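Participant: Handing over final_35.tsv, TSV, C-alpha atoms.
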chain	number	residue	atom	x	y	z
D	1	MET	CA	-24.19	-2.42	-59.99
D	2	VAL	CA	-26.74	-4.23	-57.92
D	3	ASP	CA	-29.28	-2.28	-55.97
D	4	VAL	CA	-29.21	-3.24	-52.34
D	5	PRO	CA	-32.59	-2.69	-50.73
D	6	LYS	CA	-32.32	-0.37	-47.77
D	7	ALA	CA	-33.44	-1.74	-44.41
D	8	GLU	CA	-36.76	-0.47	-43.34
D	9	PHE	CA	-36.81	1.00	-39.87
D	10	PRO	CA	-39.93	1.05	-37.77
D	11	ASP	CA	-41.16	4.36	-36.55
D	12	PRO	CA	-38.91	5.98	-33.92
D	13	GLY	CA	-41.55	5.48	-31.25
D	14	ALA	CA	-41.56	1.69	-31.65
D	15	ARG	CA	-37.78	1.58	-31.64
D	16	ALA	CA	-37.60	3.73	-28.50
D	17	LEU	CA	-40.14	1.47	-26.83
D	18	ALA	CA	-38.05	-1.62	-27.62
D	19	ILE	CA	-34.91	0.01	-26.23
D	20	LEU	CA	-36.80	1.11	-23.13
D	21	LEU	CA	-38.03	-2.43	-22.62
D	22	ILE	CA	-34.47	-3.74	-22.92
D	23	PHE	CA	-33.50	-1.51	-20.01
D	24	ALA	CA	-36.56	-2.70	-18.12
D	25	GLN	CA	-35.46	-6.26	-18.79
D	26	VAL	CA	-32.06	-5.51	-17.28
D	27	GLY	CA	-33.82	-4.13	-14.22
D	28	VAL	CA	-36.08	-7.16	-13.88
D	29	SER	CA	-33.07	-9.49	-14.28
D	30	ILE	CA	-31.17	-7.65	-11.54
D	31	LEU	CA	-34.23	-7.81	-9.31
D	32	ALA	CA	-34.69	-11.53	-9.93
D	33	GLY	CA	-31.01	-12.15	-9.24
D	34	TYR	CA	-31.23	-10.08	-6.08
D	35	PHE	CA	-34.11	-12.13	-4.71
D	36	VAL	CA	-32.28	-15.37	-5.46
D	37	LEU	CA	-29.10	-14.01	-3.92
D	38	MET	CA	-30.88	-12.90	-0.76
D	39	GLN	CA	-32.44	-16.32	-0.42
D	40	THR	CA	-29.02	-17.97	-0.56
D	41	PHE	CA	-28.23	-16.45	2.83
D	42	SER	CA	-30.23	-19.32	4.24
D	43	VAL	CA	-27.23	-21.61	3.74
D	44	ALA	CA	-25.92	-20.11	6.98
D	45	GLY	CA	-28.68	-21.93	8.83
D	46	CYS	CA	-28.36	-25.43	7.43
D	47	GLY	CA	-24.70	-26.07	8.14
D	48	SER	CA	-23.42	-29.19	6.43
D	49	ARG	CA	-26.99	-30.38	5.76
D	50	CYS	CA	-27.50	-27.96	2.85
D	51	ASP	CA	-27.76	-29.21	-0.71
D	52	PHE	CA	-24.94	-26.96	-1.87
D	53	THR	CA	-25.09	-28.28	-5.43
D	54	LEU	CA	-28.74	-27.36	-5.79
D	55	VAL	CA	-28.15	-23.88	-4.37
D	56	SER	CA	-25.16	-23.33	-6.62
D	57	VAL	CA	-27.08	-24.51	-9.70
D	58	ALA	CA	-29.95	-22.16	-8.87
D	59	VAL	CA	-27.65	-19.15	-8.54
D	60	ARG	CA	-25.48	-19.90	-11.55
D	61	GLY	CA	-28.53	-20.88	-13.59
D	62	THR	CA	-30.22	-17.57	-12.87
D	63	LEU	CA	-27.12	-15.68	-13.91
D	64	ALA	CA	-26.70	-17.73	-17.08
D	65	ILE	CA	-30.35	-17.39	-18.12
D	66	ALA	CA	-30.26	-13.65	-17.45
D	67	ILE	CA	-27.24	-13.22	-19.73
D	68	ILE	CA	-28.65	-15.46	-22.47
D	69	ALA	CA	-32.04	-13.73	-22.32
D	70	LEU	CA	-30.44	-10.30	-22.55
D	71	VAL	CA	-28.23	-11.21	-25.49
D	72	THR	CA	-31.16	-12.85	-27.26
D	73	SER	CA	-33.60	-10.01	-26.79
D	74	VAL	CA	-31.02	-7.40	-27.85
D	75	ALA	CA	-30.29	-9.43	-30.98
D	76	VAL	CA	-33.98	-9.82	-31.77
D	77	VAL	CA	-34.61	-6.11	-31.30
D	78	ILE	CA	-31.71	-5.14	-33.57
D	79	VAL	CA	-32.49	-7.64	-36.34
D	80	ARG	CA	-36.23	-7.09	-36.44
D	81	SER	CA	-35.88	-3.32	-36.17
D	82	ARG	CA	-33.63	-3.32	-39.21
D	83	GLN	CA	-36.29	-5.32	-41.02
D	84	GLY	CA	-38.92	-2.84	-39.99
D	85	ARG	CA	-40.78	-5.36	-37.90
D	86	SER	CA	-42.02	-5.01	-34.37
D	87	SER	CA	-39.72	-6.30	-31.63
D	88	TRP	CA	-41.19	-5.06	-28.35
D	89	TRP	CA	-42.32	-8.56	-27.47
D	90	ALA	CA	-38.73	-9.88	-27.19
D	91	PRO	CA	-37.75	-7.98	-24.00
D	92	VAL	CA	-41.26	-8.50	-22.64
D	93	ALA	CA	-40.91	-12.25	-23.11
D	94	ALA	CA	-37.44	-12.11	-21.59
D	95	MET	CA	-38.82	-10.29	-18.56
D	96	ALA	CA	-41.48	-12.95	-18.12
D	97	LEU	CA	-38.74	-15.58	-18.40
D	98	MET	CA	-36.68	-13.83	-15.72
D	99	VAL	CA	-39.63	-13.57	-13.35
D	100	ALA	CA	-40.24	-17.29	-13.77
D	101	THR	CA	-36.52	-18.06	-13.44
D	102	GLY	CA	-36.27	-16.01	-10.29
D	103	ALA	CA	-39.27	-17.77	-8.78
D	104	VAL	CA	-38.00	-21.25	-9.67
D	105	ALA	CA	-34.44	-20.48	-8.52
D	106	THR	CA	-35.70	-19.06	-5.22
D	107	ALA	CA	-37.77	-22.19	-4.71
D	108	LEU	CA	-34.71	-24.36	-5.47
D	109	VAL	CA	-32.63	-22.44	-2.93
D	110	ILE	CA	-35.37	-22.88	-0.33
D	111	VAL	CA	-35.43	-26.62	-1.04
D	112	GLY	CA	-31.63	-26.77	-0.99
D	113	THR	CA	-31.42	-25.08	2.40
D	114	ASP	CA	-34.39	-26.84	3.99
D	115	TYR	CA	-33.39	-29.42	6.57
U	1	MET	CA	-9.18	-12.39	38.56
U	2	LYS	CA	-8.19	-16.04	38.60
U	3	ARG	CA	-10.67	-18.40	37.07
U	4	SER	CA	-9.55	-21.87	36.18
U	5	SER	CA	-7.08	-23.85	34.14
U	6	GLY	CA	-4.65	-21.00	34.32
U	7	ALA	CA	-7.10	-18.75	32.52
U	8	THR	CA	-7.24	-15.28	33.94
U	9	ILE	CA	-9.89	-12.66	33.31
U	10	SER	CA	-8.62	-9.12	33.46
U	11	ARG	CA	-11.02	-6.26	34.08
U	12	PRO	CA	-10.51	-2.51	33.88
U	13	ALA	CA	-9.25	-1.04	37.17
U	14	SER	CA	-12.14	-0.36	39.49
U	15	ARG	CA	-13.04	-0.69	43.16
U	16	PRO	CA	-10.86	-3.40	44.72
U	17	VAL	CA	-13.60	-4.57	47.08
U	18	ARG	CA	-16.08	-5.04	44.30
U	19	ARG	CA	-13.51	-6.84	42.22
U	20	THR	CA	-12.80	-9.22	45.06
U	21	ALA	CA	-16.48	-9.82	45.56
U	22	VAL	CA	-16.94	-10.49	41.89
U	23	ALA	CA	-14.02	-12.90	41.97
U	24	VAL	CA	-15.46	-14.79	44.92
U	25	LEU	CA	-18.88	-14.93	43.32
U	26	GLY	CA	-17.33	-16.13	40.09
U	27	ALA	CA	-15.39	-18.85	41.89
U	28	ILE	CA	-18.51	-19.95	43.73
U	29	ALA	CA	-20.44	-20.07	40.50
U	30	MET	CA	-17.72	-22.09	38.84
U	31	VAL	CA	-17.45	-24.60	41.66
U	32	ALA	CA	-21.22	-24.88	41.82
U	33	SER	CA	-21.34	-25.68	38.14
U	34	LEU	CA	-18.77	-28.41	38.59
U	35	PHE	CA	-20.81	-30.12	41.29
U	36	SER	CA	-24.20	-29.60	39.74
U	37	GLY	CA	-23.18	-30.78	36.33
U	38	ALA	CA	-25.00	-27.84	34.85
U	39	ASN	CA	-23.58	-26.08	31.84
U	40	ALA	CA	-21.66	-22.88	32.19
U	41	ALA	CA	-24.57	-20.78	31.05
U	42	SER	CA	-26.96	-21.85	33.77
U	43	ALA	CA	-24.46	-21.38	36.59
U	44	ALA	CA	-22.72	-18.27	35.38
U	45	THR	CA	-23.71	-14.69	36.05
U	46	ILE	CA	-23.44	-11.52	34.04
U	47	CYS	CA	-21.33	-9.71	36.59
U	48	GLY	CA	-19.30	-12.62	37.89
U	49	ASP	CA	-18.27	-14.16	34.60
U	50	ALA	CA	-17.56	-13.25	31.04
U	51	VAL	CA	-20.65	-12.87	28.88
U	52	PHE	CA	-20.70	-14.74	25.58
U	53	LEU	CA	-23.38	-13.44	23.24
U	54	GLY	CA	-23.82	-15.32	19.98
U	55	VAL	CA	-25.67	-14.04	16.93
U	56	ARG	CA	-26.85	-16.66	14.45
U	57	GLY	CA	-26.75	-16.54	10.70
U	58	THR	CA	-29.75	-16.45	8.38
U	59	ASP	CA	-32.37	-19.10	9.09
U	60	ALA	CA	-30.30	-20.88	11.72
U	61	PRO	CA	-32.61	-22.46	14.31
U	62	ALA	CA	-34.00	-20.11	16.95
U	63	GLY	CA	-33.17	-20.57	20.61
U	64	SER	CA	-35.34	-21.02	23.65
U	65	GLY	CA	-35.66	-19.53	27.10
U	66	SER	CA	-36.42	-15.90	26.37
U	67	ALA	CA	-34.86	-13.44	28.84
U	68	HIS	CA	-33.91	-9.77	29.24
U	69	SER	CA	-37.29	-8.58	27.98
U	70	GLY	CA	-37.12	-10.96	25.07
U	71	ARG	CA	-33.80	-9.69	23.73
U	72	ILE	CA	-31.92	-12.93	24.26
U	73	TRP	CA	-32.35	-16.68	24.43
U	74	THR	CA	-30.63	-18.54	27.20
U	75	SER	CA	-30.40	-21.80	25.29
U	76	GLY	CA	-29.47	-22.51	21.67
U	77	GLY	CA	-30.04	-19.99	18.93
U	78	MET	CA	-26.37	-19.45	18.03
U	79	GLY	CA	-26.22	-21.48	14.83
U	80	ASP	CA	-23.68	-24.22	14.13
U	81	GLN	CA	-20.62	-22.05	13.58
U	82	VAL	CA	-21.01	-19.82	16.65
U	83	ALA	CA	-22.11	-22.74	18.83
U	84	SER	CA	-18.91	-24.52	17.87
U	85	LEU	CA	-16.90	-21.48	18.93
U	86	TYR	CA	-18.80	-21.32	22.20
U	87	THR	CA	-18.08	-24.98	22.92
U	88	GLN	CA	-14.40	-24.37	22.28
U	89	VAL	CA	-14.08	-21.28	24.47
U	90	VAL	CA	-15.94	-22.94	27.33
U	91	GLY	CA	-13.48	-25.80	26.97
U	92	THR	CA	-10.66	-23.45	27.94
U	93	GLY	CA	-12.02	-23.41	31.50
U	94	ILE	CA	-13.23	-19.83	31.58
U	95	PRO	CA	-16.81	-19.68	32.85
U	96	TYR	CA	-19.23	-17.82	30.62
U	97	TYR	CA	-22.72	-16.50	30.95
U	98	SER	CA	-23.94	-17.46	27.51
U	99	ALA	CA	-26.86	-16.19	25.49
U	100	SER	CA	-27.92	-15.75	21.91
U	101	LEU	CA	-29.58	-12.76	20.34
U	102	ASN	CA	-33.31	-13.11	19.78
U	103	TYR	CA	-33.82	-11.64	16.33
U	104	PRO	CA	-35.53	-12.89	13.15
U	105	ALA	CA	-32.40	-13.91	11.17
U	106	SER	CA	-34.61	-13.87	8.08
U	107	GLY	CA	-33.38	-14.09	4.51
U	108	GLY	CA	-34.87	-13.17	1.16
U	109	ALA	CA	-36.86	-9.97	1.01
U	110	ASN	CA	-36.84	-9.67	4.81
U	111	TYR	CA	-33.06	-9.62	5.14
U	112	SER	CA	-32.66	-5.88	5.64
U	113	SER	CA	-35.44	-5.57	8.18
U	114	SER	CA	-34.03	-8.59	10.00
U	115	VAL	CA	-30.60	-6.95	10.24
U	116	GLU	CA	-32.21	-3.73	11.45
U	117	THR	CA	-34.16	-5.57	14.14
U	118	GLY	CA	-31.02	-7.45	15.14
U	119	VAL	CA	-28.98	-4.26	15.43
U	120	ASN	CA	-31.61	-2.54	17.54
U	121	THR	CA	-31.97	-5.57	19.80
U	122	LEU	CA	-28.22	-6.02	20.19
U	123	VAL	CA	-27.63	-2.35	20.96
U	124	ALA	CA	-30.43	-2.42	23.55
U	125	GLU	CA	-29.01	-5.58	25.13
U	126	LEU	CA	-25.45	-4.25	25.28
U	127	ASN	CA	-26.59	-0.91	26.71
U	128	TRP	CA	-28.59	-2.80	29.31
U	129	LEU	CA	-25.70	-5.11	30.18
U	130	ALA	CA	-23.44	-2.11	30.74
U	131	THR	CA	-25.69	-0.93	33.56
U	132	GLN	CA	-26.07	-4.20	35.43
U	133	CYS	CA	-22.92	-4.40	37.53
U	134	GLY	CA	-22.54	-0.98	39.07
U	135	SER	CA	-19.18	0.59	38.37
U	136	VAL	CA	-17.74	-2.70	37.19
U	137	LEU	CA	-18.45	-3.41	33.59
U	138	PRO	CA	-19.18	-6.94	32.45
U	139	ILE	CA	-16.72	-8.57	30.09
U	140	VAL	CA	-18.54	-9.20	26.85
U	141	ILE	CA	-17.58	-11.48	24.01
U	142	LEU	CA	-19.58	-11.22	20.80
U	143	ALA	CA	-19.58	-13.80	18.04
U	144	GLY	CA	-21.62	-13.93	14.88
U	145	HIS	CA	-21.86	-15.79	11.62
U	146	SER	CA	-23.05	-14.44	8.28
U	147	GLN	CA	-26.04	-12.17	8.92
U	148	GLY	CA	-25.13	-12.36	12.60
U	149	ALA	CA	-21.69	-10.99	11.76
U	150	GLN	CA	-23.28	-8.08	9.94
U	151	VAL	CA	-25.65	-7.42	12.82
U	152	ILE	CA	-22.76	-7.22	15.28
U	153	LEU	CA	-20.54	-5.00	13.17
U	154	ASP	CA	-23.47	-2.76	12.23
U	155	ALA	CA	-24.32	-2.38	15.90
U	156	LEU	CA	-20.73	-1.47	16.73
U	157	SER	CA	-20.20	0.86	13.80
U	158	TRP	CA	-23.49	2.61	13.15
U	159	ALA	CA	-24.03	5.82	15.05
U	160	THR	CA	-27.57	7.16	14.90
U	161	PHE	CA	-28.29	6.52	11.23
U	162	PRO	CA	-30.30	4.64	10.09
U	163	TYR	CA	-31.22	2.64	13.13
U	164	GLY	CA	-31.56	5.46	15.61
U	165	THR	CA	-29.96	3.74	18.58
U	166	GLU	CA	-26.37	4.09	19.67
U	167	LEU	CA	-24.13	2.18	22.00
U	168	THR	CA	-23.24	4.01	25.20
U	169	PRO	CA	-19.54	4.63	25.96
U	170	ASN	CA	-19.68	2.01	28.72
U	171	ALA	CA	-21.28	-0.51	26.38
U	172	LYS	CA	-18.41	-0.03	23.95
U	173	LYS	CA	-15.86	-0.22	26.73
U	174	MET	CA	-17.12	-3.54	28.12
U	175	ILE	CA	-16.69	-5.33	24.80
U	176	ARG	CA	-13.55	-7.41	25.10
U	177	ALA	CA	-13.50	-9.47	21.93
U	178	VAL	CA	-15.64	-9.81	18.83
U	179	ALA	CA	-15.23	-12.70	16.41
U	180	VAL	CA	-17.26	-12.70	13.21
U	181	PHE	CA	-17.31	-15.33	10.47
U	182	GLY	CA	-18.33	-14.87	6.84
U	183	ASP	CA	-19.37	-11.24	7.18
U	184	PRO	CA	-21.28	-10.07	4.05
U	185	THR	CA	-19.93	-6.56	4.68
U	186	TYR	CA	-16.32	-7.75	4.72
U	187	LEU	CA	-13.64	-5.44	3.36
U	188	PRO	CA	-10.15	-6.62	2.39
U	189	ASN	CA	-6.94	-5.34	3.92
U	190	ARG	CA	-8.49	-4.07	7.13
U	191	SER	CA	-6.72	-4.21	10.47
U	192	ILE	CA	-9.57	-6.19	12.01
U	193	ASN	CA	-9.27	-8.99	9.49
U	194	ALA	CA	-7.94	-12.22	10.95
U	195	PRO	CA	-4.50	-13.17	9.62
U	196	MET	CA	-5.98	-16.32	8.12
U	197	SER	CA	-8.65	-14.43	6.20
U	198	ALA	CA	-8.61	-14.37	2.41
U	199	SER	CA	-5.95	-12.22	0.80
U	200	GLY	CA	-6.61	-10.14	-2.29
U	201	VAL	CA	-9.09	-7.39	-2.95
U	202	ALA	CA	-12.39	-9.29	-2.88
U	203	HIS	CA	-15.04	-7.91	-0.55
U	204	GLY	CA	-18.40	-9.01	0.76
U	205	ILE	CA	-21.57	-8.75	-1.27
U	206	PHE	CA	-22.61	-5.72	0.82
U	207	PRO	CA	-19.23	-4.00	1.33
U	208	ARG	CA	-19.16	-1.80	4.38
U	209	ASN	CA	-18.94	1.95	4.07
U	210	LEU	CA	-15.30	2.98	4.62
U	211	ILE	CA	-16.14	5.55	7.29
U	212	LEU	CA	-18.07	2.94	9.24
U	213	ALA	CA	-15.30	0.41	8.69
U	214	ASP	CA	-12.83	2.89	10.14
U	215	SER	CA	-15.01	3.25	13.22
U	216	LEU	CA	-14.53	-0.45	13.94
U	217	GLU	CA	-10.79	0.13	14.21
U	218	ASN	CA	-10.80	3.31	16.27
U	219	SER	CA	-9.97	3.65	19.95
U	220	ASP	CA	-13.39	2.38	21.00
U	221	TYR	CA	-12.41	-1.06	19.81
U	222	SER	CA	-8.62	-1.01	20.00
U	223	PHE	CA	-5.88	-0.17	22.43
U	224	TYR	CA	-2.10	-0.10	22.66
U	225	GLY	CA	-0.75	-3.31	24.04
U	226	TYR	CA	0.54	-6.70	23.02
U	227	PRO	CA	-1.31	-8.04	19.98
U	228	TYR	CA	-2.01	-11.75	19.94
U	229	GLY	CA	0.66	-13.75	18.18
U	230	GLU	CA	3.03	-10.84	17.74
U	231	HIS	CA	6.28	-9.91	19.41
U	232	GLY	CA	6.39	-6.46	20.87
U	233	MET	CA	3.75	-3.84	21.41
U	234	GLY	CA	1.29	-2.49	18.93
U	235	THR	CA	-2.38	-1.81	18.39
U	236	VAL	CA	-4.61	-4.53	19.76
U	237	TYR	CA	-7.91	-4.76	17.92
U	238	LYS	CA	-10.89	-6.14	19.78
U	239	ILE	CA	-12.60	-7.24	16.58
U	240	ARG	CA	-11.53	-10.12	14.36
U	241	SER	CA	-13.23	-10.83	11.06
U	242	TYR	CA	-12.74	-14.28	9.57
U	243	CYS	CA	-13.41	-14.64	5.85
U	244	LEU	CA	-12.21	-17.78	4.13
U	245	ALA	CA	-11.14	-17.74	0.49
U	246	GLY	CA	-14.06	-18.90	-1.62
U	247	ASP	CA	-16.76	-17.84	0.82
U	248	PHE	CA	-19.36	-16.43	-1.55
U	249	PHE	CA	-20.85	-14.02	0.96
U	250	CYS	CA	-17.69	-12.29	2.14
U	251	GLN	CA	-15.77	-12.61	-1.14
U	252	SER	CA	-18.48	-11.85	-3.74
U	253	ASP	CA	-16.91	-14.12	-6.30
U	254	LEU	CA	-19.51	-16.05	-8.27
U	255	SER	CA	-16.85	-18.33	-9.66
U	256	ASP	CA	-16.22	-19.31	-6.06
U	257	SER	CA	-19.85	-19.95	-5.27
U	258	ASN	CA	-19.15	-23.12	-3.34
U	259	PHE	CA	-21.56	-22.29	-0.59
U	260	ALA	CA	-20.14	-25.01	1.62
U	261	ILE	CA	-17.20	-22.77	2.48
U	262	HIS	CA	-19.54	-20.33	4.20
U	263	ASN	CA	-20.37	-23.04	6.71
U	264	SER	CA	-16.87	-24.38	7.19
U	265	TYR	CA	-15.52	-22.01	9.84
U	266	ALA	CA	-16.12	-24.57	12.55
U	267	SER	CA	-14.28	-27.24	10.60
U	268	PRO	CA	-10.89	-28.23	12.04
U	269	THR	CA	-9.63	-28.18	8.46
U	270	THR	CA	-10.06	-24.43	8.17
U	271	GLY	CA	-9.04	-23.81	11.77
U	272	ALA	CA	-11.00	-20.56	11.99
U	273	VAL	CA	-12.92	-21.39	15.16
U	274	ILE	CA	-9.82	-22.81	16.81
U	275	ASN	CA	-7.90	-19.65	15.95
U	276	ALA	CA	-10.76	-17.51	17.26
U	277	THR	CA	-10.88	-19.52	20.47
U	278	ASN	CA	-7.20	-18.95	21.18
U	279	TRP	CA	-7.55	-15.27	20.33
U	280	ILE	CA	-10.61	-14.79	22.55
U	281	THR	CA	-8.90	-16.58	25.42
U	282	TYR	CA	-5.91	-14.28	24.99
U	283	MET	CA	-8.10	-11.18	24.81
U	284	ILE	CA	-9.97	-12.10	27.98
U	285	SER	CA	-6.72	-12.67	29.81
U	286	SER	CA	-5.19	-9.39	28.60
U	287	PRO	CA	-5.73	-6.00	30.18
U	288	SER	CA	-7.67	-3.67	27.90
Produce structure tokens that represent the structure in this file.
Facilitator:
Amino acid sequence: MVDVPKAEFPDPGARALAILLIFAQVGVSILAGYFVLMQTFSVAGCGSRCDFTLVSVAVRGTLAIAIIALVTSVAVVIVRSRQGRSSWWAPVAAMALMVATGAVATALVIVGTDY
Amino acid sequence: MKRSSGATISRPASRPVRRTAVAVLGAIAMVASLFSGANAASAATICGDAVFLGVRGTDAPAGSGSAHSGRIWTSGGMGDQVASLYTQVVGTGIPYYSASLNYPASGGANYSSSVETGVNTLVAELNWLATQCGSVLPIVILAGHSQGAQVILDALSWATFPYGTELTPNAKKMIRAVAVFGDPTYLPNRSINAPMSASGVAHGIFPRNLILADSLENSDYSFYGYPYGEHGMGTVYKIRSYCLAGDFFCQSDLSDSNFAIHNSYASPTTGAVINATNWITYMISSPS
């Protein structure tokens, strides 16, 4: 019989913090998506002169990055928590990524609807 | 009241003398516009002709020629889709006093405050219009695209919350037809939806509260008569909401995020503006 080493869990406080930050990341992602979405209303003003591809890429890109960032940060938190290592930085990094994504996507929508 | 090209404007029963006077004034205005070469808006009057009030979508170019204490523009400011509708309805021969709502039409973080400003401005303008022709109410046509559609339907459906201003009974009564395109508050399977609107259960990205949606179909904005395109009598709704399949803003389907559809209501391919033109012409000619 082989002894399997038990996973070391970080203290409950660190784990709770990581989970809390995951929820915060979801909130930041929704907020970023909301700002991009609200900016897309500008397509109503540019008629056929809009760059619809650019606007569509910005919206879909934001959604895709939000999903990938969430899956990644959840995976990092689970794996590193089981190894007893700190993981709070994963959702924090994901939040920074979403803020940047939201800003870039909003700028792309503005460019795509400028005429 | 005979106008032109066989088009007839029907008003609610009122004082015969005033109606005759209005008809004569309208005819004079129409003839004057023919000889002056001016557009319908410059020659037409609020009381003598139908009033066409357009509300632009987000970030559509502003108009010029501020009037009515800054609530409207007398030139431009309708946006491509509504301007196309206006061109079509004027082409039917019915003279219109045309204007566009002077409101921010902002997007992004300012969207909500822009809608609120638009609703307040529109309600104030409609309440003012209702008092301008004595006992005869003007005939008002409203048309809006995107945010403009939301502004119009919010103005017609909101009571005192959250905007604080309400349409007077006469202001509601004078509204003859309302055509909105790509409304972000669109709800499926409503009586006010145009027959050509998207089928299915998809709704706008800001779906309208059901109680408020019901208020758009109540007796303030409907009557018993002959509905356009139908045989026999039934409920005639004064509001028509056009939402094309694939329009991201009134269908909320990210897989359909081809934003070009939102701006295609004026396209002959979709036929939405043409359909709205025929419906508006019918509604103006019908007794309400």
Participant: Enter the distance from atom CA of D:Ile30 to atom CA of D:Leu108, in Å, rounded to one decimal.
Facilitator: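 Straight-line distance from atom CA of D:Ile30 to atom CA of D:Leu108 works out to 18.1 Å.
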Participant: To one decimal in Å, tell me the separation between atom CA of U:Pro227 and atom CA of U:Leu126.
Facilitator: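 If I compute the distance from atom CA of U:Pro227 to atom CA of U:Leu126, I get 25.0 Å.
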Participant: Counting all atoms listed in the file, collect the residues of chain U whose closest atom lies at most 6 Å from chain D, and write them out as a PyMOL selection string.
Facilitator: chain U and resi 57-60+107-108+259+263
Participant: Using only C-alpha atoms, which residues sit within 8 Å of U:Lys172 once same-chain residues fewer than 2 positions away are excluded, as an mmCIF file with C-alpha atoms, keeping the file's coordinate frame?
Facilitator:
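Dumped to selection-v3.cif:
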data_model
loop_
_atom_site.group_PDB
_atom_site.id
_atom_site.type_symbol
_atom_site.label_atom_id
_atom_site.label_comp_id
_atom_site.auth_asym_id
_atom_site.auth_seq_id
_atom_site.Cartn_x
_atom_site.Cartn_y
_atom_site.Cartn_z
ATOM 1 C CA LEU U 156 -20.730 -1.470 16.730
ATOM 2 C CA LEU U 167 -24.130 2.180 22.000
ATOM 3 C CA THR U 168 -23.240 4.010 25.200
ATOM 4 C CA PRO U 169 -19.540 4.630 25.960
ATOM 5 C CA ASN U 170 -19.680 2.010 28.720
ATOM 6 C CA MET U 174 -17.120 -3.540 28.120
ATOM 7 C CA ILE U 175 -16.690 -5.330 24.800
ATOM 8 C CA ASP U 220 -13.390 2.380 21.000
ATOM 9 C CA TYR U 221 -12.410 -1.060 19.810
#
Participant: Between U:Pro188, U:Gly246, U:Gly232, U:Pro104, single out the one closest to U:Val201, counting only C-alpha atoms.
Facilitator: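 Comparing U:Pro188, U:Gly246, U:Gly232, U:Pro104 against U:Val201, the winner is U:Pro188.
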Participant: Quick one: pull the distance between atom CA of U:Arg240 and atom CA of U:Ala67, Å, one decimal.
Facilitator: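 Here the two named atoms are 27.7 Å from each other.
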Participant: Compare U:Cys133, U:Ala149, U:Ala124, U:Ala143 by their minimum atom-to-atom distance to U:Ala83, counting all atoms listed in the file, and give me the closest one.
Facilitator: U:Ala143
Participant: Using only C-alpha atoms, which of the listed residues (U:Asp154, U:Glu125, U:Asp80, U:Glu230) sits closest to U:His262?
Facilitator: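 Selected residue with least distance to U:His262: U:Asp80.
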Participant: Do a neighbour search on stretch 113-119 of chain U at 8 Å with only C-alpha atoms, toss out local chain neighbours closer than 5 positions, and write the hits as a ChimeraX atom specification.
Facilitator: /U:101-107,147,150-152,154-155,163
Participant: Hey, can you spit out that residue selection with C-alpha atoms as a tab-separated table (two decimals), in the coordinates of the input?
Facilitator:
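And here's out_28.tsv as it stands now:
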chain	number	residue	atom	x	y	z
U	101	LEU	CA	-29.58	-12.76	20.34
U	102	ASN	CA	-33.31	-13.11	19.78
U	103	TYR	CA	-33.82	-11.64	16.33
U	104	PRO	CA	-35.53	-12.89	13.15
U	105	ALA	CA	-32.40	-13.91	11.17
U	106	SER	CA	-34.61	-13.87	8.08
U	107	GLY	CA	-33.38	-14.09	4.51
U	147	GLN	CA	-26.04	-12.17	8.92
U	150	GLN	CA	-23.28	-8.08	9.94
U	151	VAL	CA	-25.65	-7.42	12.82
U	152	ILE	CA	-22.76	-7.22	15.28
U	154	ASP	CA	-23.47	-2.76	12.23
U	155	ALA	CA	-24.32	-2.38	15.90
U	163	TYR	CA	-31.22	2.64	13.13
Participant: Any idea what's packed within 7 Å of U:Val51, counting all atoms listed in the file, ignoring anything in its chain fewer than 3 positions away? Could you give it as a PyMOL selection string?
Facilitator: chain U and resi 46+96-98+139-141
Participant: Env of U:Thr185: 12 Å cut, atoms = only C-alpha atoms, seq-sep filter 6 positions within chain, self excluded. Answer as number ranges by chain.
Facilitator: U: 145-154, 157, 193, 202-210, 212-213, 241-243, 248-252
Participant: How would stretch 45-52 of chain D read, as a tab-separated table (two decimals), in the coordinates of the input, once N, CA and C atoms are built in?
Facilitator:
chain	number	residue	atom	x	y	z
D	45	GLY	N	-27.90	-21.25	7.80
D	45	GLY	CA	-28.68	-21.93	8.83
D	45	GLY	C	-28.71	-23.44	8.71
D	46	CYS	N	-28.23	-23.97	7.58
D	46	CYS	CA	-28.36	-25.43	7.43
D	46	CYS	C	-27.03	-26.16	7.56
D	47	GLY	N	-25.98	-25.43	7.87
D	47	GLY	CA	-24.70	-26.07	8.14
D	47	GLY	C	-24.27	-27.01	7.03
D	48	SER	N	-23.88	-28.21	7.43
D	48	SER	CA	-23.42	-29.19	6.43
D	48	SER	C	-24.58	-29.96	5.82
D	49	ARG	N	-25.81	-29.65	6.26
D	49	ARG	CA	-26.99	-30.38	5.76
D	49	ARG	C	-27.56	-29.75	4.48
D	50	CYS	N	-27.00	-28.62	4.07
D	50	CYS	CA	-27.50	-27.96	2.85
D	50	CYS	C	-27.21	-28.82	1.62
D	51	ASP	N	-28.06	-28.65	0.60
D	51	ASP	CA	-27.76	-29.21	-0.71
D	51	ASP	C	-27.03	-28.11	-1.48
D	52	PHE	N	-25.72	-28.05	-1.29
D	52	PHE	CA	-24.94	-26.96	-1.87
D	52	PHE	C	-24.97	-26.98	-3.40
